[in-house]
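Written below as structure tokens is the structure these notes are about.
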Amino acid sequence: MSVQLMHMLLILCLTFTQGACMFPNHNWGEWNDSQLQPTIQRLMKGYNRYLRPNFNEGPVEIGMSLDIASIDAISEINMDYTATIFLRQRWRDSRLVFPGNESVSVDGRLVSLLWIPDTFIPDSKRSFLHDVTVENRLIRIFSNGTVLYALRITATIACNMDLTKYPMDRQVCTLQLESWGYNLQDVVFYWTRGNDSVKGLDTLRLAQYSVESYYTTVSEAVYETGQYPKLVLHFALRRNVLFFILETYVPSILLVVLSWVSFWISQSSVPARTCIGVTTVLTMTTLMMGARTSLPNANCFIKAIDVYLGICFTFIFGALLEYACAHFYTMQHQTVEDLHRDLLRELNESSGNGSIPIISSTQPNQSVEIGSTAEEPTEQSVNSDTKNHAGSKEKMPGQGCGLSSVKDASRRAASVFIVENPHNIDRHARTVFPTAFLFVNILYWLYYLFL
């Protein structure tokens, strides 16, 4: 009984299966496609992703918009900046039109099934697409065939900087978008909302810079292979100089002022004044070396901070040279005074002994004393002998000269370089150095801030 029942059920199943195969239900399949939401499989029927939209009908218009998420680093050494951006592209593909007013968000991993623009950043040195937890891509298809394609990219982009006014400089960097393979006959780029197509720069906060202004332009890139569409974002960065004032300018000014302290120290305190001069020079040298570590070693850039540090170093070194000159003239002045003192002492001694040493022109090693112990000649004869002796010395200078004539000659030679009062050097330096430094500072800041 059970075996017969099983045979009957098997026959019924085979009969039903054959009937379904011979008479397929086409109405069910059509109703399912029309009622269900459109899927990527249905839109992809007959779709060729290797051909751009409007093929042989005109260029594809692609709208661009940007969101600047962050500017992570701006490097003066490498002359580039690193930014994380959200790039959004819109275009219309008539092959993806479907009925209704809704849109379809497609998994970003299915982007390989669609045609997408070959947009790239020409000035990019390094870039990557974020892929945590999946690749940060967005594909959204609207009913009229409009495709929204969004990416999250981090790129290091070159920026040519003019550092002649560093750290009071203003840099203008660009972010360029071009098509790699499609020329102007194939695609056309445009900003979707003009300058409003870029978001995020107004609220961006940077360590050393502030975004001063930005604007967008539409141009074209001309290469040997043709003309390609190009969009450019220009943004100006103003460096915050307060950090450098506290780190470099104020210490430099204080070092210059410290070097002026030696003008109020006695010239006889050689170790104190020398120590101040040498210490300020070495400290200034260290400060100059530290200021250059974060800058490119390019000879073409004479930066504003280099000029200022050079000015400060010149004033500090000048203060050290001032003491050297003052000390030299002080010692020279003492030497001249000693010569005068020795000459007066010898004259006093000679007048006290009542004898005048005379060196014979014929016999330099022999001297004759004419004094009160010898025969007393007449006054006229003594004067005539003295005149003859002086005349013989003038006529024969190579044979020898008196001690007084040597001292007179040295005194005349030294009088050319003698300062009457060496202490006046410090007195004048106390006024000249601060005045000159203030004047140079006014010229410096006027030039680099307003010119």
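Going through the structure tokens in order, the chains are called A, B, and so on, while each chain numbers its residues from 1 and the ligands are numbered from 1 in the order shown.
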Practice task
Identify all residues of range 53-146 of chain A in strand (DSSP E) (DSSP on the backbone) and supply them as a ChimeraX atom specification.
Solution key: /A:60-75,80-92,103-106,119-120,124-129,137-142,146
Problem - Residue contacts of range 71-86 of chain A (8 Å, only C-alpha atoms) excluding same-chain residues fewer than 6 positions away, as JSON, numbers by chain - result: {"A": [150, 151, 152, 153, 154, 155, 156, 157, 158, 159, 160, 161, 204, 206, 294, 295, 296]}
Practice task
Extract the full set of alpha helix (DSSP H) residues from range 175-268 of chain A according to DSSP on the backbone, and format it as JSON, numbers by chain.
Solution key: {"A": [242, 243, 244, 250, 251, 252, 253, 254, 255, 256, 257, 258, 259]}
Non-local contacts of Leu255 in chain A (9 Å; only C-alpha atoms; under 6 positions in same chain excluded) as a PDB file with all heavy atoms, in the first residue's frame:
```pdb
ATOM      1  N   THR A 280      77.987  86.651  23.478  1.00  0.00           N
ATOM      2  CA  THR A 280      76.888  87.096  22.615  1.00  0.00           C
ATOM      3  C   THR A 280      77.128  86.700  21.168  1.00  0.00           C
ATOM      4  O   THR A 280      76.183  86.335  20.451  1.00  0.00           O
ATOM      5  CB  THR A 280      76.722  88.607  22.728  1.00  0.00           C
ATOM      6  OG1 THR A 280      77.989  89.253  22.528  1.00  0.00           O
ATOM      7  CG2 THR A 280      76.173  89.003  24.091  1.00  0.00           C
ATOM      8  N   VAL A 281      78.364  86.740  20.713  1.00  0.00           N
ATOM      9  CA  VAL A 281      78.663  86.333  19.336  1.00  0.00           C
ATOM     10  C   VAL A 281      78.375  84.850  19.141  1.00  0.00           C
ATOM     11  O   VAL A 281      77.733  84.438  18.156  1.00  0.00           O
ATOM     12  CB  VAL A 281      80.123  86.663  18.983  1.00  0.00           C
ATOM     13  CG1 VAL A 281      80.530  85.973  17.682  1.00  0.00           C
ATOM     14  CG2 VAL A 281      80.301  88.163  18.837  1.00  0.00           C
ATOM     15  N   THR A 283      76.387  82.897  20.955  1.00  0.00           N
ATOM     16  CA  THR A 283      74.950  82.642  21.089  1.00  0.00           C
ATOM     17  C   THR A 283      74.202  83.052  19.841  1.00  0.00           C
ATOM     18  O   THR A 283      73.277  82.358  19.390  1.00  0.00           O
ATOM     19  CB  THR A 283      74.402  83.397  22.311  1.00  0.00           C
ATOM     20  OG1 THR A 283      75.178  83.066  23.454  1.00  0.00           O
ATOM     21  CG2 THR A 283      72.955  83.028  22.565  1.00  0.00           C
ATOM     22  N   MET A 284      74.581  84.168  19.267  1.00  0.00           N
ATOM     23  CA  MET A 284      73.936  84.612  18.032  1.00  0.00           C
ATOM     24  C   MET A 284      74.218  83.651  16.888  1.00  0.00           C
ATOM     25  O   MET A 284      73.339  83.368  16.060  1.00  0.00           O
ATOM     26  CB  MET A 284      74.440  86.015  17.677  1.00  0.00           C
ATOM     27  CG  MET A 284      73.616  86.708  16.622  1.00  0.00           C
ATOM     28  SD  MET A 284      71.964  87.082  17.227  1.00  0.00           S
ATOM     29  CE  MET A 284      71.043  87.070  15.693  1.00  0.00           C
ATOM     30  N   CYS A 312      71.595  91.688  13.336  1.00  0.00           N
ATOM     31  CA  CYS A 312      71.885  91.533  14.771  1.00  0.00           C
ATOM     32  C   CYS A 312      73.313  91.052  14.995  1.00  0.00           C
ATOM     33  O   CYS A 312      74.005  91.526  15.907  1.00  0.00           O
ATOM     34  CB  CYS A 312      70.879  90.568  15.397  1.00  0.00           C
ATOM     35  SG  CYS A 312      69.171  91.176  15.415  1.00  0.00           S
ATOM     36  N   ILE A 316      76.290  92.961  17.137  1.00  0.00           N
ATOM     37  CA  ILE A 316      76.977  92.291  18.248  1.00  0.00           C
ATOM     38  C   ILE A 316      78.475  92.231  17.991  1.00  0.00           C
ATOM     39  O   ILE A 316      79.296  92.513  18.879  1.00  0.00           O
ATOM     40  CB  ILE A 316      76.385  90.884  18.448  1.00  0.00           C
ATOM     41  CG1 ILE A 316      74.951  90.981  18.967  1.00  0.00           C
ATOM     42  CG2 ILE A 316      77.236  90.070  19.405  1.00  0.00           C
ATOM     43  CD1 ILE A 316      74.244  89.653  19.070  1.00  0.00           C
TER      44      ILE A 316
END
```
Give me the range 55-84 of chain A side of the contact with range 178-189 of chain A, cut-off 10 Å, one line per residue showing its nearest atom pair and distance in Å at one decimal, counting only C-alpha atoms, sorted by chain and residue number, as a Markdown table.
```
| residue | atom | partner | partner_atom | distance |
| --- | --- | --- | --- | --- |
| A:Phe55 | CA | A:Asp186 | CA | 8.2 |
| A:Asn56 | CA | A:Asp186 | CA | 8.9 |
| A:Glu57 | CA | A:Asp186 | CA | 9.4 |
| A:Gly58 | CA | A:Asp186 | CA | 6.8 |
| A:Pro59 | CA | A:Asp186 | CA | 4.3 |
| A:Val60 | CA | A:Val187 | CA | 4.5 |
| A:Glu61 | CA | A:Val188 | CA | 4.8 |
| A:Ile62 | CA | A:Phe189 | CA | 5.0 |
| A:Gly63 | CA | A:Phe189 | CA | 5.9 |
| A:Met64 | CA | A:Phe189 | CA | 7.2 |
```
Practice task
Using only C-alpha atoms, pick whichever of A:Leu201, A:Phe301, A:Ala291, A:Tyr308 has the shortest atom-to-atom distance to Tyr447 in chain A.
Solution key: A:Tyr308
Pick out the residues sitting within 12 Å of Val261 in chain A, and hand them over as a PDB file with C-alpha atoms, in the first residue's frame; count only C-alpha atoms, and ignore anything fewer than 6 positions along from it in its own chain.
```pdb
ATOM      1  CA  LEU A 254      67.899  90.849  23.614  1.00  0.00           C
ATOM      2  CA  LEU A 255      71.305  89.564  22.559  1.00  0.00           C
ATOM      3  CA  ALA A 272      84.285  91.005  31.801  1.00  0.00           C
ATOM      4  CA  ARG A 273      83.972  92.899  28.529  1.00  0.00           C
ATOM      5  CA  THR A 274      85.629  90.155  26.500  1.00  0.00           C
ATOM      6  CA  CYS A 275      83.364  87.513  28.038  1.00  0.00           C
ATOM      7  CA  ILE A 276      80.223  89.471  27.171  1.00  0.00           C
ATOM      8  CA  GLY A 277      81.349  90.050  23.593  1.00  0.00           C
ATOM      9  CA  THR A 280      76.888  87.096  22.615  1.00  0.00           C
ATOM     10  CA  ILE A 316      76.977  92.291  18.248  1.00  0.00           C
ATOM     11  CA  ALA A 319      80.228  95.940  19.913  1.00  0.00           C
ATOM     12  CA  LEU A 320      83.092  93.487  20.328  1.00  0.00           C
ATOM     13  CA  TYR A 323      85.962  97.367  22.827  1.00  0.00           C
ATOM     14  CA  ASP A 426      82.342 104.139  24.985  1.00  0.00           C
ATOM     15  CA  ALA A 429      78.908 104.108  21.463  1.00  0.00           C
ATOM     16  CA  ARG A 430      76.156 104.237  24.082  1.00  0.00           C
ATOM     17  CA  PHE A 433      74.657 101.788  18.602  1.00  0.00           C
ATOM     18  CA  PRO A 434      71.044 101.989  19.943  1.00  0.00           C
TER      19      PRO A 434
END
```
Go through range 114-154 of chain A and flag each residue having an atom no more than 12 Å from range 232-237 of chain A; for those, report the closest pair of atoms plus their distance in Å to one decimal, using only C-alpha atoms, ordered by chain and rising number, as CSV.
```
residue,atom,partner,partner_atom,distance
A:Ile121,CA,A:Val232,CA,10.1
A:Pro122,CA,A:Val232,CA,10.8
A:Asp123,CA,A:Val232,CA,11.1
```
How about saving the chosen residues, N, CA and C atoms kept, as a compact mmCIF listing (two decimals), in the first residue's frame?
```txt
# COMPACT_ATOMS: atom_id res chain seq x y z
N ILE A 121 45.48 64.42 -10.26
CA ILE A 121 46.07 65.65 -9.72
C ILE A 121 47.48 65.74 -10.27
N PRO A 122 47.75 66.65 -11.19
CA PRO A 122 49.06 66.66 -11.87
C PRO A 122 50.23 67.00 -10.96
N ASP A 123 50.01 67.82 -9.92
CA ASP A 123 51.11 68.22 -9.04
C ASP A 123 51.28 67.29 -7.85
```
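The interatomic distance for the pair CA of Ala221 in chain A and CA of Arg49 in chain A works out to 25.7 Å.
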Handout entry: Selected residue, from A:Arg239, A:Arg170, A:Arg88, A:His423, that lies nearest to Arg137 in chain A when counting only C-alpha atoms
Key =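 The shortest atom-to-atom distance to Arg137 in chain A comes from A:Arg88.
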Within 7 Å of Phe142 in chain A using only C-alpha atoms, minus same-chain residues under 4 positions, as a compact mmCIF listing (two decimals) with C-alpha atoms, in the first residue's frame:
```txt
# COMPACT_ATOMS: atom_id res chain seq x y z
CA GLU A 102 14.47 58.08 -6.85
CA SER A 103 18.19 57.41 -6.78
CA VAL A 104 20.16 54.24 -6.31
CA THR A 146 23.12 61.54 -13.45
CA VAL A 147 25.99 59.77 -11.70
```
Exercise for the section: Using only C-alpha atoms, determine which residues lie at most 8 Å from Leu163 in chain A, disregarding the query and same-chain residues fewer than 3 positions distant; provide the list as a PyMOL selection string. Expected result: chain A and resi 166-167+169+301-303
Output N, CA, C and O atoms for every residue in the selection just made, as a CSV table (one decimal), in the first residue's frame.
```
chain,number,residue,atom,x,y,z
A,166,TYR,N,60.2,85.3,4.2
A,166,TYR,CA,60.0,84.4,5.3
A,166,TYR,C,60.6,85.0,6.6
A,166,TYR,O,61.7,85.5,6.5
A,167,PRO,N,59.9,85.1,7.7
A,167,PRO,CA,58.6,84.5,8.0
A,167,PRO,C,57.4,85.4,7.8
A,167,PRO,O,56.3,85.1,8.4
A,169,ASP,N,55.9,86.0,5.0
A,169,ASP,CA,55.6,85.7,3.6
A,169,ASP,C,54.1,85.3,3.4
A,169,ASP,O,53.4,85.0,4.4
A,301,PHE,N,67.6,81.9,-2.1
A,301,PHE,CA,66.7,82.5,-1.2
A,301,PHE,C,67.5,83.2,-0.1
A,301,PHE,O,68.2,82.6,0.7
A,302,ILE,N,67.4,84.5,-0.1
A,302,ILE,CA,67.9,85.3,1.0
A,302,ILE,C,66.7,85.8,1.8
A,302,ILE,O,66.0,86.7,1.4
A,303,LYS,N,66.4,85.1,2.8
A,303,LYS,CA,65.1,85.3,3.5
A,303,LYS,C,65.2,86.5,4.5
A,303,LYS,O,66.3,86.9,4.9
```
Exercise for the section: Give me, please, the distance in Å between CA of Leu114 in chain A and CA of Ile139 in chain A, quoted to one decimal. Expected result: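 CA of Ile139 in chain A lies 9.5 Å from CA of Leu114 in chain A.
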Practice task
Go ahead and compute the interatomic distance for CA of Thr285 in chain A and CA of Arg427 in chain A, in Å to one decimal.
Solution key: 27.5 Å
